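What follows is a set of notes on a single structure, which appears directly below.
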Amino acid sequence: MNQIVLTGFMGAGKSTVGKILAEKLALPLVDIDTEIQSEHQVSITEIFANLGEPAFRKLEHQMLTRALLQDAIISTGGGIILSDDNRMKLEAADFVVYLKTSPDTFLARLKGDTTRPLIQEKSRDEIIALCESRTKLYESVAHLILETDELTPEEIAVQIKQAFQTRKELL
Ligand code: S3P
């Protein structure tokens, strides 16, 4: 298949890089969070507030399952790797990329954000701890781990495209 899944913590740049990559490879972009919101006509914040995180995770799992049926660039939410089921699906996916960012980078990007329920009213240290608790999970399903702090979204997309095409040639 022609499928690239972007993973990483909140603020890693998955959606931005996903858009560029989709253009470069002429593939549709499936942004899991955007799809959930448009299909259910409700924001992520409202889902968390009204139905709770487990309900969001269920919708996220359904959307990932559907997205993985097609050729696409798939941009995931930062918590996609939390479920065993999702990780099994990602292990079987074509090409999974972990966009790895340092705390300084993601904290700067997340400053003032009001759209991500899991970081509201959390301290710097709590957000860093949340990221650290997930690092091994991101790594465990990634075919490619890219440290992105020093790279522009365009440079990240170029590197992913090259790695993807090299892998395709080798397989
Ligand atoms: C989440 C990340 C968010 C979104 C939701 C939960 C998480 O996506 O799915 O708020 O658990 O890390 P982004 O990573 O695109 O911010």
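Naming works like this for the structure tokens: A, B, ... for the chains as they're shown, residue 1 at the start of each chain, ligands 1 onward in shown order.
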Handout entry: Spatial neighbours of segment 21-35 of chain A, 6 Å, only C-alpha atoms, chain gap at least 6 places, as number ranges by chain
Key = A: 72-76, 157
Practice task
Check every protein, DNA and RNA residue against ligand 1, keep those with an atom at most 9 Å away (counting only C-alpha atoms and all ligand atoms), and present them as a ChimeraX atom specification.
Solution key: /A:7-15,31-33,44-45,48,53,56-57,60,75-82,110,115-119,130-131
Prev. selection, N, CA, C and O atoms, output as a compact mmCIF listing (two decimals), in the first residue's frame:
# COMPACT_ATOMS: atom_id res chain seq x y z
N THR A 7 2.92 9.90 13.61
CA THR A 7 2.60 9.87 15.03
C THR A 7 3.54 10.83 15.77
O THR A 7 4.54 11.29 15.22
N GLY A 8 3.25 11.04 17.03
CA GLY A 8 4.08 11.91 17.86
C GLY A 8 3.22 12.68 18.84
O GLY A 8 1.99 12.68 18.73
N PHE A 9 3.88 13.30 19.78
CA PHE A 9 3.18 14.02 20.85
C PHE A 9 2.46 15.24 20.28
O PHE A 9 2.75 15.70 19.16
N MET A 10 1.53 15.77 21.05
CA MET A 10 0.85 17.01 20.67
C MET A 10 1.90 18.09 20.37
O MET A 10 2.89 18.22 21.10
N GLY A 11 1.67 18.83 19.29
CA GLY A 11 2.61 19.90 18.94
C GLY A 11 3.81 19.41 18.15
O GLY A 11 4.75 20.18 17.91
N ALA A 12 3.80 18.16 17.73
CA ALA A 12 4.95 17.62 16.97
C ALA A 12 4.94 18.08 15.52
O ALA A 12 5.94 17.94 14.82
N GLY A 13 3.81 18.60 15.05
CA GLY A 13 3.74 19.07 13.66
C GLY A 13 3.14 18.05 12.70
O GLY A 13 3.29 18.17 11.49
N LYS A 14 2.43 17.06 13.24
CA LYS A 14 1.89 15.98 12.41
C LYS A 14 0.94 16.51 11.32
O LYS A 14 1.03 16.11 10.16
N SER A 15 0.04 17.41 11.71
CA SER A 15 -0.94 17.91 10.73
C SER A 15 -0.26 18.75 9.65
O SER A 15 -0.55 18.60 8.45
N ASP A 31 -6.74 13.30 8.42
CA ASP A 31 -6.36 13.77 9.76
C ASP A 31 -7.41 13.21 10.71
O ASP A 31 -8.57 13.60 10.67
N ILE A 32 -6.99 12.26 11.56
CA ILE A 32 -7.96 11.50 12.36
C ILE A 32 -8.85 12.43 13.20
O ILE A 32 -10.07 12.30 13.22
N ASP A 33 -8.23 13.40 13.89
CA ASP A 33 -9.01 14.31 14.74
C ASP A 33 -10.00 15.14 13.92
O ASP A 33 -11.15 15.33 14.31
N ILE A 44 -13.24 18.21 19.63
CA ILE A 44 -12.57 17.26 20.52
C ILE A 44 -12.84 17.66 21.98
O ILE A 44 -13.12 16.82 22.83
N THR A 45 -12.78 18.96 22.23
CA THR A 45 -13.03 19.46 23.59
C THR A 45 -14.41 19.03 24.08
O THR A 45 -14.57 18.57 25.22
N PHE A 48 -14.54 15.22 24.84
CA PHE A 48 -13.92 14.93 26.15
C PHE A 48 -14.84 15.39 27.29
O PHE A 48 -15.04 14.68 28.26
N GLU A 53 -12.97 10.77 27.98
CA GLU A 53 -11.85 10.31 27.14
C GLU A 53 -12.08 8.92 26.54
O GLU A 53 -11.77 8.70 25.35
N PHE A 56 -13.90 9.19 23.38
CA PHE A 56 -13.04 9.74 22.32
C PHE A 56 -12.12 8.66 21.77
O PHE A 56 -11.94 8.53 20.55
N ARG A 57 -11.53 7.87 22.66
CA ARG A 57 -10.60 6.82 22.21
C ARG A 57 -11.29 5.80 21.32
O ARG A 57 -10.70 5.25 20.40
N GLU A 60 -11.66 7.41 17.99
CA GLU A 60 -10.32 7.49 17.40
C GLU A 60 -9.93 6.14 16.80
O GLU A 60 -9.41 6.05 15.68
N SER A 75 -2.62 11.46 9.51
CA SER A 75 -2.10 12.22 10.64
C SER A 75 -2.92 11.84 11.88
O SER A 75 -4.15 11.93 11.86
N THR A 76 -2.25 11.38 12.92
CA THR A 76 -2.95 10.85 14.09
C THR A 76 -2.89 11.82 15.26
O THR A 76 -2.04 12.70 15.31
N GLY A 77 -3.75 11.61 16.25
CA GLY A 77 -3.66 12.37 17.49
C GLY A 77 -2.57 11.75 18.37
O GLY A 77 -2.24 10.57 18.22
N GLY A 78 -2.05 12.57 19.27
CA GLY A 78 -0.91 12.13 20.08
C GLY A 78 -1.15 10.91 20.94
O GLY A 78 -0.20 10.24 21.36
N GLY A 79 -2.43 10.59 21.19
CA GLY A 79 -2.71 9.45 22.07
C GLY A 79 -3.02 8.16 21.32
O GLY A 79 -3.41 7.16 21.93
N ILE A 80 -2.81 8.16 20.02
CA ILE A 80 -3.21 7.00 19.21
C ILE A 80 -2.49 5.72 19.66
O ILE A 80 -3.02 4.62 19.53
N ILE A 81 -1.28 5.90 20.17
CA ILE A 81 -0.46 4.73 20.52
C ILE A 81 -0.83 4.14 21.89
O ILE A 81 -0.22 3.18 22.34
N LEU A 82 -1.80 4.74 22.57
CA LEU A 82 -2.12 4.27 23.92
C LEU A 82 -2.81 2.91 23.92
O LEU A 82 -2.62 2.12 24.85
N LEU A 110 2.57 24.56 22.19
CA LEU A 110 1.29 24.30 22.86
C LEU A 110 0.87 25.45 23.78
O LEU A 110 -0.23 25.45 24.32
N THR A 115 -7.46 23.94 22.77
CA THR A 115 -8.20 22.91 22.03
C THR A 115 -7.84 21.49 22.43
O THR A 115 -8.42 20.54 21.94
N ARG A 116 -6.83 21.35 23.29
CA ARG A 116 -6.39 20.00 23.66
C ARG A 116 -6.69 19.73 25.14
O ARG A 116 -5.96 20.18 26.03
N PRO A 117 -7.77 18.99 25.38
CA PRO A 117 -8.24 18.81 26.76
C PRO A 117 -7.19 18.26 27.72
O PRO A 117 -7.16 18.64 28.89
N LEU A 118 -6.30 17.40 27.22
CA LEU A 118 -5.37 16.74 28.14
C LEU A 118 -4.27 17.64 28.69
O LEU A 118 -3.56 17.25 29.62
N ILE A 119 -4.12 18.83 28.11
CA ILE A 119 -3.06 19.71 28.65
C ILE A 119 -3.62 20.95 29.35
O ILE A 119 -2.86 21.79 29.82
N LEU A 130 3.75 13.47 30.74
CA LEU A 130 2.79 12.78 29.86
C LEU A 130 3.50 12.33 28.58
O LEU A 130 3.34 11.18 28.13
N CYS A 131 4.32 13.21 28.04
CA CYS A 131 5.05 12.86 26.82
C CYS A 131 6.01 11.71 27.11
O CYS A 131 6.06 10.73 26.36
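Closest approach to Leu146 of chain A from the set A:Ile47, A:Ile128, A:Ile160, A:Val5 is made by A:Ile160, with distances taken over only C-alpha atoms.
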Exercise for the section: Do a neighbour search on Ala142 of chain A at 9 Å with only C-alpha atoms, toss out local chain neighbours closer than 2 positions, and write the hits as a PyMOL selection string. Expected result: chain A and resi 7+90-91+95-98+137-140+144-145
Exercise for the section: Can you check which residues of segment 28-168 of chain A DSSP gives as alpha helix (DSSP H) on the backbone and send them as an NGL selection string? Expected result: :A and (32-40 or 44-51 or 53-67 or 84-91 or 103-110 or 124-141 or 153-168)
Skipping near chain neighbours, those fewer than 2 positions away, what residues fall within 9 Å of Pro103 of chain A using only C-alpha atoms, listed as an mmCIF file with N, CA, C and O atoms, in the first residue's frame?
data_model
loop_
_atom_site.group_PDB
_atom_site.id
_atom_site.type_symbol
_atom_site.label_atom_id
_atom_site.label_comp_id
_atom_site.auth_asym_id
_atom_site.auth_seq_id
_atom_site.Cartn_x
_atom_site.Cartn_y
_atom_site.Cartn_z
ATOM 1 N N THR A 101 9.858 15.357 19.164
ATOM 2 C CA THR A 101 10.170 16.759 19.466
ATOM 3 C C THR A 101 10.610 16.879 20.917
ATOM 4 O O THR A 101 10.154 16.120 21.772
ATOM 5 N N THR A 105 10.380 22.468 22.423
ATOM 6 C CA THR A 105 9.664 22.708 21.159
ATOM 7 C C THR A 105 8.165 22.524 21.327
ATOM 8 O O THR A 105 7.374 23.388 20.979
ATOM 9 N N PHE A 106 7.755 21.366 21.893
ATOM 10 C CA PHE A 106 6.299 21.185 21.955
ATOM 11 C C PHE A 106 5.648 22.110 22.977
ATOM 12 O O PHE A 106 4.536 22.582 22.764
ATOM 13 N N LEU A 107 6.355 22.443 24.049
ATOM 14 C CA LEU A 107 5.754 23.367 25.023
ATOM 15 C C LEU A 107 5.549 24.752 24.400
ATOM 16 O O LEU A 107 4.521 25.394 24.619
ATOM 17 N N ALA A 108 6.523 25.185 23.610
ATOM 18 C CA ALA A 108 6.389 26.499 22.951
ATOM 19 C C ALA A 108 5.186 26.482 22.006
ATOM 20 O O ALA A 108 4.400 27.427 21.962
ATOM 21 N N ARG A 124 3.928 22.591 33.235
ATOM 22 C CA ARG A 124 5.003 22.197 32.296
ATOM 23 C C ARG A 124 5.470 20.778 32.575
ATOM 24 O O ARG A 124 5.547 19.946 31.686
ATOM 25 N N ILE A 127 3.043 18.029 31.669
ATOM 26 C CA ILE A 127 2.954 17.789 30.220
ATOM 27 C C ILE A 127 4.184 17.004 29.745
ATOM 28 O O ILE A 127 4.071 16.051 28.963
ATOM 29 N N ILE A 128 5.340 17.368 30.286
ATOM 30 C CA ILE A 128 6.566 16.638 29.915
ATOM 31 C C ILE A 128 6.447 15.174 30.360
ATOM 32 O O ILE A 128 6.795 14.245 29.620
ATOM 33 N N CYS A 131 4.316 13.214 28.038
ATOM 34 C CA CYS A 131 5.050 12.864 26.820
ATOM 35 C C CYS A 131 6.008 11.708 27.106
ATOM 36 O O CYS A 131 6.057 10.727 26.359
#
Handout entry: Two-atom distance - atom CA of Gln37 of chain A, atom CA of Asn2 of chain A (Å)
Key = 25.0 Å
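For the set A:Ala67, A:Gln62, A:Thr114, A:Asp85, the residue with the smallest atom-to-atom gap to Ser43 of chain A is A:Thr114, counting only C-alpha atoms.
With only C-alpha atoms as the basis for measurement, A:Ile36 is the residue among A:Arg87, A:Leu151, A:Gln120, A:Ile36 that approaches Ala55 of chain A most closely.
If only C-alpha atoms are the atoms counted, then among A:Val17, A:Ala129, A:Ile156, A:Val141 the closest residue to Asp94 of chain A is A:Val141.
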